[in-house]
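Student: Take this structure first; my questions come after.
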Amino acid sequence: MRRVFAALATALLCVSGSATVPLPDGKQSVIESDAIPQKLSVFGLFPFGPKAPLVSFGYTLRTALFSDYTDKHRFVSIPDGKRAKILSDGTIEFPVGTVLVKSFGWSDVNGGRPVETRLLIHRASGWVALPYIWDDDGKDATLALGGRRVPASFKSPDGDAHTIRYAVPNKNQCKECHSLNGEIVPIGPKARNFLLEPEVAKAVRSLYFENPEALRSVMPQWDDPASGSVVDRARAYLDVNCAHCHNPAGSASNSGLFLRWTDDPAGVNYGIGKRPTAAGRGSGGMDFAIAPGKPDHSFMIYRLESTDPGIAMPEVGRSTVHKEGAALLRQWIAEMPKGGHDTPD
C-alpha cells in the first residue's frame with residue numbers, strides 16, 4: 001500500500017518538468033549552518049506563509065521500513081548547482097546542503113495530516129537527524145529532540161483497530177538506527193530501492209544527479225509476489241527493516257547477525273542455524289534465530305511478533321506487530337529445506 005498525504009503531495013512536489021521553484025532568501029544558509037531551529041518552518045522546506053519552499057522533489061521506496069502502518073511522504077531537497085552521485089555499491093552520495101524529509105501519519109487520523117516530520121540534513125560536519133512533531137493546528141511543527149509518545153488510534157489494512165502511543169524517536173535513537181561506522185548516514189535511499197516520483201522529469205534528474213541512469217530500483221517490493229520470489233522478498237524486507245543495524249559496521253554488529261539483501265551469504269551469520277549471542281528473554285528459549293522449516297521455533301519470528309520492549313525487534317520505530325511482514329517471513333522459513341541453507345534466486 002503506497003498512500004501519501006494528498007494535501008502535501010502537490011504542495012511539496014516543487015519540480016515540474018524542467019522548471020524549479022526559486023530559493024527563498026536565507027533558507028539554504030540555515031540548512032547548512034549549525035542551527036537547530038525550534039520550528040520546522042524556519043527551514044523553508046514546507047509552504048508556510050508567502051515564501052515558496054526550496055527546490056525539492058518526491059521519492060518513494062520499493063520496500064519501505066515498517067512504522068506502525070503509517071503513511072509516509074518523502075522528498076529530498078538538493079541545493080541548486082550541486083548534484084548527488086550514485087556510487088558503485090548503490091549508495092547515493094548526497095552533497096552538503098541536502099535535506100531528506102519524511103513525514104508520518106495515517107489517512108484516517110487527524111484528517112490525514114502528518115503526526116511528525118523527520119529531517120536528515122547533510123552539513124559540512126556530517127549528517128544531522130532532527131525530529132519535529134506537528135502542532136495541533138497543523139500550521140507548523142515543533143522540535144522534539146527528546147522524542148515523545150503521541151496517542152493515536154487507526155486501522156491497519158486488514159481493518160483491525162489499533163490504539164497506541166506512537167513513538168517519535170529521540171535524537172539518540174535516530175543516531176542508533178542511522179549509524180554506520182559510528183557516523184550518521186541515510187539508510188533508506190539506496191539506488192536499488194529508490195524511486196523518484198513520476199512527475200520528476202529526466203531533465204531534472206540530470207540537474208540533480210551526476211549519473212541518474214544508475215538509479216535502478218531492482219529490489220523487490222516485499223508485498224508484491226510479481227516483483228520477486230518469497231526468498232527475494234523476505235530478504236528485501238529484512239534488509240530494509242533490520243540491516244541498517246544488522247551489518248558489520250552497524251550498531252548491532254556485535255550480534256554477528258547480518259541481514260543485508262545480497263551482501264550477506266544466507267548461512268549462520270544470516271541467522272540460519274544461528275544460536276543466541278547472549279542469554280536473555282529475546283530468544284524465547286529457542287535454539288536458533290532461524291530454524292529451517294520451523295518458523296514457530298525461530299526466535300527471529302518470536303521477536304518480530306512481540307511488542308514487549310525487552311523482546312521486540314526492531315527495538316525502536318514500532319508499537320504494533322507488522323502481521324503481513326511476519327507472515328512473509330514465516331512462509332520463507334517454512335519453505336526452507338530443513339537442515340540446509342537458503343539462497344536468493
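Within each chain, counting starts at residue 1; across the C-alpha cells, chains are named A, B, ... in the order shown, with ligands numbered 1 upward in that order.
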So which residues of range 176-329 of chain A fall under alpha helix (DSSP H) by DSSP, listed as an MDAnalysis selection string?
Tutor: chainID A and resid 176:177 202:208 230:242 299:304 323:329
Student: Only N, CA and C atoms, please: the residues just picked out, written as an mmCIF file, in the first residue's frame.
Tutor:
data_model
loop_
_atom_site.group_PDB
_atom_site.id
_atom_site.type_symbol
_atom_site.label_atom_id
_atom_site.label_comp_id
_atom_site.auth_asym_id
_atom_site.auth_seq_id
_atom_site.Cartn_x
_atom_site.Cartn_y
_atom_site.Cartn_z
ATOM 1 N N GLU A 176 21.109 5.846 16.539
ATOM 2 C CA GLU A 176 21.295 4.399 16.667
ATOM 3 C C GLU A 176 20.975 3.688 15.361
ATOM 4 N N CYS A 177 19.849 4.040 14.739
ATOM 5 C CA CYS A 177 19.438 3.360 13.506
ATOM 6 C C CYS A 177 20.218 3.840 12.292
ATOM 7 N N LYS A 202 13.122 13.848 -16.716
ATOM 8 C CA LYS A 202 14.502 13.426 -16.983
ATOM 9 C C LYS A 202 15.474 14.586 -16.895
ATOM 10 N N ALA A 203 15.059 15.748 -17.358
ATOM 11 C CA ALA A 203 15.949 16.913 -17.323
ATOM 12 C C ALA A 203 16.306 17.280 -15.887
ATOM 13 N N VAL A 204 15.349 17.138 -14.983
ATOM 14 C CA VAL A 204 15.584 17.462 -13.582
ATOM 15 C C VAL A 204 16.510 16.423 -12.946
ATOM 16 N N ARG A 205 16.323 15.166 -13.332
ATOM 17 C CA ARG A 205 17.207 14.117 -12.809
ATOM 18 C C ARG A 205 18.657 14.436 -13.145
ATOM 19 N N SER A 206 18.903 14.896 -14.360
ATOM 20 C CA SER A 206 20.269 15.219 -14.780
ATOM 21 C C SER A 206 20.801 16.455 -14.062
ATOM 22 N N LEU A 207 19.901 17.361 -13.680
ATOM 23 C CA LEU A 207 20.323 18.552 -12.955
ATOM 24 C C LEU A 207 20.818 18.214 -11.553
ATOM 25 N N TYR A 208 20.206 17.199 -10.940
ATOM 26 C CA TYR A 208 20.482 16.934 -9.522
ATOM 27 C C TYR A 208 21.177 15.595 -9.254
ATOM 28 N N VAL A 230 9.506 -15.551 -2.945
ATOM 29 C CA VAL A 230 9.361 -15.421 -1.494
ATOM 30 C C VAL A 230 10.728 -15.163 -0.861
ATOM 31 N N VAL A 231 11.756 -15.876 -1.322
ATOM 32 C CA VAL A 231 13.108 -15.700 -0.789
ATOM 33 C C VAL A 231 13.579 -14.261 -0.993
ATOM 34 N N ASP A 232 13.472 -13.776 -2.212
ATOM 35 C CA ASP A 232 13.962 -12.433 -2.514
ATOM 36 C C ASP A 232 13.193 -11.365 -1.751
ATOM 37 N N ARG A 233 11.874 -11.537 -1.667
ATOM 38 C CA ARG A 233 11.071 -10.528 -0.976
ATOM 39 C C ARG A 233 11.317 -10.544 0.527
ATOM 40 N N ALA A 234 11.528 -11.739 1.089
ATOM 41 C CA ALA A 234 11.840 -11.835 2.518
ATOM 42 C C ALA A 234 13.175 -11.164 2.816
ATOM 43 N N ARG A 235 14.152 -11.391 1.945
ATOM 44 C CA ARG A 235 15.468 -10.784 2.159
ATOM 45 C C ARG A 235 15.408 -9.265 1.973
ATOM 46 N N ALA A 236 14.586 -8.791 1.044
ATOM 47 C CA ALA A 236 14.411 -7.353 0.879
ATOM 48 C C ALA A 236 13.788 -6.756 2.139
ATOM 49 N N TYR A 237 12.815 -7.451 2.688
ATOM 50 C CA TYR A 237 12.148 -6.979 3.910
ATOM 51 C C TYR A 237 13.152 -6.877 5.062
ATOM 52 N N LEU A 238 13.985 -7.905 5.226
ATOM 53 C CA LEU A 238 14.965 -7.893 6.305
ATOM 54 C C LEU A 238 16.030 -6.820 6.081
ATOM 55 N N ASP A 239 16.416 -6.610 4.834
ATOM 56 C CA ASP A 239 17.388 -5.564 4.530
ATOM 57 C C ASP A 239 16.881 -4.204 4.990
ATOM 58 N N VAL A 240 15.650 -3.882 4.625
ATOM 59 C CA VAL A 240 15.112 -2.555 4.903
ATOM 60 C C VAL A 240 14.747 -2.375 6.376
ATOM 61 N N ASN A 241 14.235 -3.417 7.006
ATOM 62 C CA ASN A 241 13.765 -3.284 8.387
ATOM 63 C C ASN A 241 14.829 -3.592 9.434
ATOM 64 N N CYS A 242 15.885 -4.294 9.045
ATOM 65 C CA CYS A 242 16.843 -4.774 10.048
ATOM 66 C C CYS A 242 18.306 -4.471 9.740
ATOM 67 N N PHE A 299 13.553 -17.759 16.716
ATOM 68 C CA PHE A 299 13.325 -16.590 17.568
ATOM 69 C C PHE A 299 13.341 -15.272 16.787
ATOM 70 N N MET A 300 13.756 -15.292 15.536
ATOM 71 C CA MET A 300 13.571 -14.101 14.704
ATOM 72 C C MET A 300 12.086 -13.777 14.593
ATOM 73 N N ILE A 301 11.255 -14.780 14.351
ATOM 74 C CA ILE A 301 9.803 -14.589 14.264
ATOM 75 C C ILE A 301 9.240 -14.193 15.622
ATOM 76 N N TYR A 302 9.718 -14.849 16.657
ATOM 77 C CA TYR A 302 9.271 -14.547 18.020
ATOM 78 C C TYR A 302 9.470 -13.071 18.339
ATOM 79 N N ARG A 303 10.603 -12.518 17.943
ATOM 80 C CA ARG A 303 10.893 -11.115 18.243
ATOM 81 C C ARG A 303 10.112 -10.171 17.341
ATOM 82 N N LEU A 304 9.925 -10.543 16.081
ATOM 83 C CA LEU A 304 9.146 -9.712 15.164
ATOM 84 C C LEU A 304 7.679 -9.640 15.565
ATOM 85 N N LYS A 323 1.913 -7.694 10.970
ATOM 86 C CA LYS A 323 1.438 -9.061 10.743
ATOM 87 C C LYS A 323 1.744 -9.547 9.332
ATOM 88 N N GLU A 324 1.587 -8.676 8.357
ATOM 89 C CA GLU A 324 1.808 -9.075 6.968
ATOM 90 C C GLU A 324 3.280 -9.366 6.699
ATOM 91 N N GLY A 325 4.173 -8.525 7.265
ATOM 92 C CA GLY A 325 5.597 -8.768 7.106
ATOM 93 C C GLY A 325 6.028 -10.047 7.797
ATOM 94 N N ALA A 326 5.510 -10.275 9.015
ATOM 95 C CA ALA A 326 5.839 -11.501 9.739
ATOM 96 C C ALA A 326 5.332 -12.732 8.991
ATOM 97 N N ALA A 327 4.171 -12.600 8.348
ATOM 98 C CA ALA A 327 3.614 -13.733 7.591
ATOM 99 C C ALA A 327 4.518 -14.100 6.418
ATOM 100 N N LEU A 328 5.081 -13.096 5.753
ATOM 101 C CA LEU A 328 6.017 -13.371 4.654
ATOM 102 C C LEU A 328 7.246 -14.120 5.164
ATOM 103 N N LEU A 329 7.799 -13.671 6.285
ATOM 104 C CA LEU A 329 8.987 -14.329 6.825
ATOM 105 C C LEU A 329 8.665 -15.729 7.334
#
Student: Can you list, as a PDB file with N, CA, C and O atoms, in the first residue's frame, every protein, DNA or RNA residue that comes within 9 Å of Lys82 in chain A when you count only C-alpha atoms, leaving out same-chain residues fewer than 6 positions away?
Tutor:
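For reference, part.pdb as written:
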ATOM      1  N   PHE A  94      24.853  12.148  -1.325  1.00  0.00           N
ATOM      2  CA  PHE A  94      24.192  13.448  -1.439  1.00  0.00           C
ATOM      3  C   PHE A  94      25.151  14.559  -1.023  1.00  0.00           C
ATOM      4  O   PHE A  94      25.922  14.414  -0.066  1.00  0.00           O
ATOM      5  N   PRO A  95      25.123  15.696  -1.728  1.00  0.00           N
ATOM      6  CA  PRO A  95      26.053  16.788  -1.400  1.00  0.00           C
ATOM      7  C   PRO A  95      25.676  17.501  -0.108  1.00  0.00           C
ATOM      8  O   PRO A  95      24.531  17.399   0.371  1.00  0.00           O
ATOM      9  N   VAL A  96      26.639  18.225   0.445  1.00  0.00           N
ATOM     10  CA  VAL A  96      26.361  19.075   1.605  1.00  0.00           C
ATOM     11  C   VAL A  96      25.250  20.056   1.235  1.00  0.00           C
ATOM     12  O   VAL A  96      25.224  20.609   0.126  1.00  0.00           O
ATOM     13  N   GLY A  97      24.331  20.250   2.162  1.00  0.00           N
ATOM     14  CA  GLY A  97      23.177  21.116   1.910  1.00  0.00           C
ATOM     15  C   GLY A  97      21.916  20.355   1.562  1.00  0.00           C
ATOM     16  O   GLY A  97      20.836  20.936   1.480  1.00  0.00           O
ATOM     17  N   LEU A 207      19.901  17.361 -13.680  1.00  0.00           N
ATOM     18  CA  LEU A 207      20.323  18.552 -12.955  1.00  0.00           C
ATOM     19  C   LEU A 207      20.818  18.214 -11.553  1.00  0.00           C
ATOM     20  O   LEU A 207      21.741  18.856 -11.041  1.00  0.00           O
ATOM     21  N   TYR A 208      20.206  17.199 -10.940  1.00  0.00           N
ATOM     22  CA  TYR A 208      20.482  16.934  -9.522  1.00  0.00           C
ATOM     23  C   TYR A 208      21.177  15.595  -9.254  1.00  0.00           C
ATOM     24  O   TYR A 208      21.472  15.281  -8.111  1.00  0.00           O
ATOM     25  N   PHE A 209      21.438  14.818 -10.297  1.00  0.00           N
ATOM     26  CA  PHE A 209      22.181  13.569 -10.137  1.00  0.00           C
ATOM     27  C   PHE A 209      23.274  13.503 -11.213  1.00  0.00           C
ATOM     28  O   PHE A 209      22.992  13.717 -12.390  1.00  0.00           O
TER      29      PHE A 209
END
Student: Applying 12 Å and only C-alpha atoms, which residues near Leu65 in chain A remain after dropping the ones on its own chain fewer than 3 positions away? List them as an MDAnalysis selection string.
Tutor: chainID A and resid 60:62 68:72 102 104 177 187:189 193 221:222 236:244 314 316:318 322 325
Student: For Ala141 in chain A, which of A:Val268, A:Leu45, A:Val128, A:Leu195 is the closest residue, counting only C-alpha atoms?
Tutor: A:Leu45
Student: Hey, what does DSSP flag as strand (DSSP E or B) within range 255-330 of chain A? Can you give it to me as a PyMOL selection string?
Tutor: chain A and resi 272+288+290+298
Student: Got time to write the residues from that selection, C-alpha atoms, as a PDB file, in the first residue's frame?
Tutor:
ATOM      1  CA  ILE A 272      20.098 -19.816   9.725  1.00  0.00           C
ATOM      2  CA  PHE A 288      18.105 -20.684  16.603  1.00  0.00           C
ATOM      3  CA  ILE A 290      16.087 -19.227  12.025  1.00  0.00           C
ATOM      4  CA  SER A 298      12.732 -19.417  15.122  1.00  0.00           C
TER       5      SER A 298
END
Student: For Asn110 in chain A, which residue out of A:Asp140, A:Ser153, A:Leu87, A:Gln331 is the nearest one, using only C-alpha atoms?
Tutor: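 Looking at the shortest contact to Asn110 in chain A, the residue is A:Ser153.
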Student: For the atom pair CA of Gly293 in chain A and CA of Pro337 in chain A, what is the interatomic distance in Å to one decimal place?
Tutor: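 Separating CA of Gly293 in chain A from CA of Pro337 in chain A is a distance of 6.2 Å.
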Student: Grab the CA of Pro295 in chain A to CA of Ala252 in chain A distance for me, in Å with one decimal place.
Tutor: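 CA of Ala252 in chain A lies at a distance of 22.7 Å from CA of Pro295 in chain A.
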Student: Taking 2 positions as the minimum chain separation for residues in the same chain, which residues sit within 10 Å of Gln38 in chain A when counting only C-alpha atoms? Answer as a PDB file with N, CA, C and O atoms, in the first residue's frame.
Tutor:
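This is the output file part-v9.pdb:
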ATOM      1  N   ALA A  35      22.595  25.561  13.095  1.00  0.00           N
ATOM      2  CA  ALA A  35      21.354  25.894  13.788  1.00  0.00           C
ATOM      3  C   ALA A  35      20.460  24.661  13.958  1.00  0.00           C
ATOM      4  O   ALA A  35      20.415  23.779  13.100  1.00  0.00           O
ATOM      5  N   ILE A  36      19.766  24.628  15.084  1.00  0.00           N
ATOM      6  CA  ILE A  36      18.757  23.590  15.341  1.00  0.00           C
ATOM      7  C   ILE A  36      17.467  24.327  15.679  1.00  0.00           C
ATOM      8  O   ILE A  36      17.124  24.535  16.849  1.00  0.00           O
ATOM      9  N   LEU A  40       9.852  23.949  12.442  1.00  0.00           N
ATOM     10  CA  LEU A  40      10.152  23.389  11.128  1.00  0.00           C
ATOM     11  C   LEU A  40      10.102  24.451  10.038  1.00  0.00           C
ATOM     12  O   LEU A  40      10.845  24.395   9.055  1.00  0.00           O
ATOM     13  N   SER A  41       9.234  25.443  10.203  1.00  0.00           N
ATOM     14  CA  SER A  41       9.045  26.470   9.171  1.00  0.00           C
ATOM     15  C   SER A  41      10.314  27.253   8.880  1.00  0.00           C
ATOM     16  O   SER A  41      10.474  27.800   7.781  1.00  0.00           O
ATOM     17  N   VAL A  42      11.241  27.300   9.841  1.00  0.00           N
ATOM     18  CA  VAL A  42      12.464  28.082   9.663  1.00  0.00           C
ATOM     19  C   VAL A  42      13.281  27.582   8.475  1.00  0.00           C
ATOM     20  O   VAL A  42      13.975  28.356   7.811  1.00  0.00           O
ATOM     21  N   TYR A 132      10.582  16.493  14.276  1.00  0.00           N
ATOM     22  CA  TYR A 132       9.632  17.565  14.548  1.00  0.00           C
ATOM     23  C   TYR A 132       8.220  16.978  14.666  1.00  0.00           C
ATOM     24  O   TYR A 132       7.815  16.160  13.833  1.00  0.00           O
ATOM     25  N   ALA A 141       5.454  22.735  12.900  1.00  0.00           N
ATOM     26  CA  ALA A 141       5.875  21.590  13.703  1.00  0.00           C
ATOM     27  C   ALA A 141       6.996  22.038  14.628  1.00  0.00           C
ATOM     28  O   ALA A 141       7.782  22.927  14.291  1.00  0.00           O
ATOM     29  N   THR A 142       7.072  21.395  15.801  1.00  0.00           N
ATOM     30  CA  THR A 142       7.991  21.808  16.864  1.00  0.00           C
ATOM     31  C   THR A 142       9.051  20.735  17.106  1.00  0.00           C
ATOM     32  O   THR A 142       8.745  19.545  17.128  1.00  0.00           O
ATOM     33  N   LEU A 143      10.287  21.178  17.296  1.00  0.00           N
ATOM     34  CA  LEU A 143      11.413  20.284  17.542  1.00  0.00           C
ATOM     35  C   LEU A 143      11.147  19.399  18.758  1.00  0.00           C
ATOM     36  O   LEU A 143      10.638  19.864  19.781  1.00  0.00           O
ATOM     37  N   ALA A 144      11.510  18.126  18.655  1.00  0.00           N
ATOM     38  CA  ALA A 144      11.326  17.173  19.755  1.00  0.00           C
ATOM     39  C   ALA A 144      12.589  16.335  19.907  1.00  0.00           C
ATOM     40  O   ALA A 144      12.587  15.125  19.653  1.00  0.00           O
ATOM     41  N   LEU A 145      13.681  16.963  20.331  1.00  0.00           N
ATOM     42  CA  LEU A 145      14.955  16.257  20.451  1.00  0.00           C
ATOM     43  C   LEU A 145      14.867  15.092  21.429  1.00  0.00           C
ATOM     44  O   LEU A 145      15.564  14.092  21.279  1.00  0.00           O
TER      45      LEU A 145
END
Student: If I take CA of Pro79 in chain A and CA of Tyr59 in chain A, how far is one from the other in Å, to one decimal?
Tutor: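 Here the two named atoms are 16.5 Å from each other.
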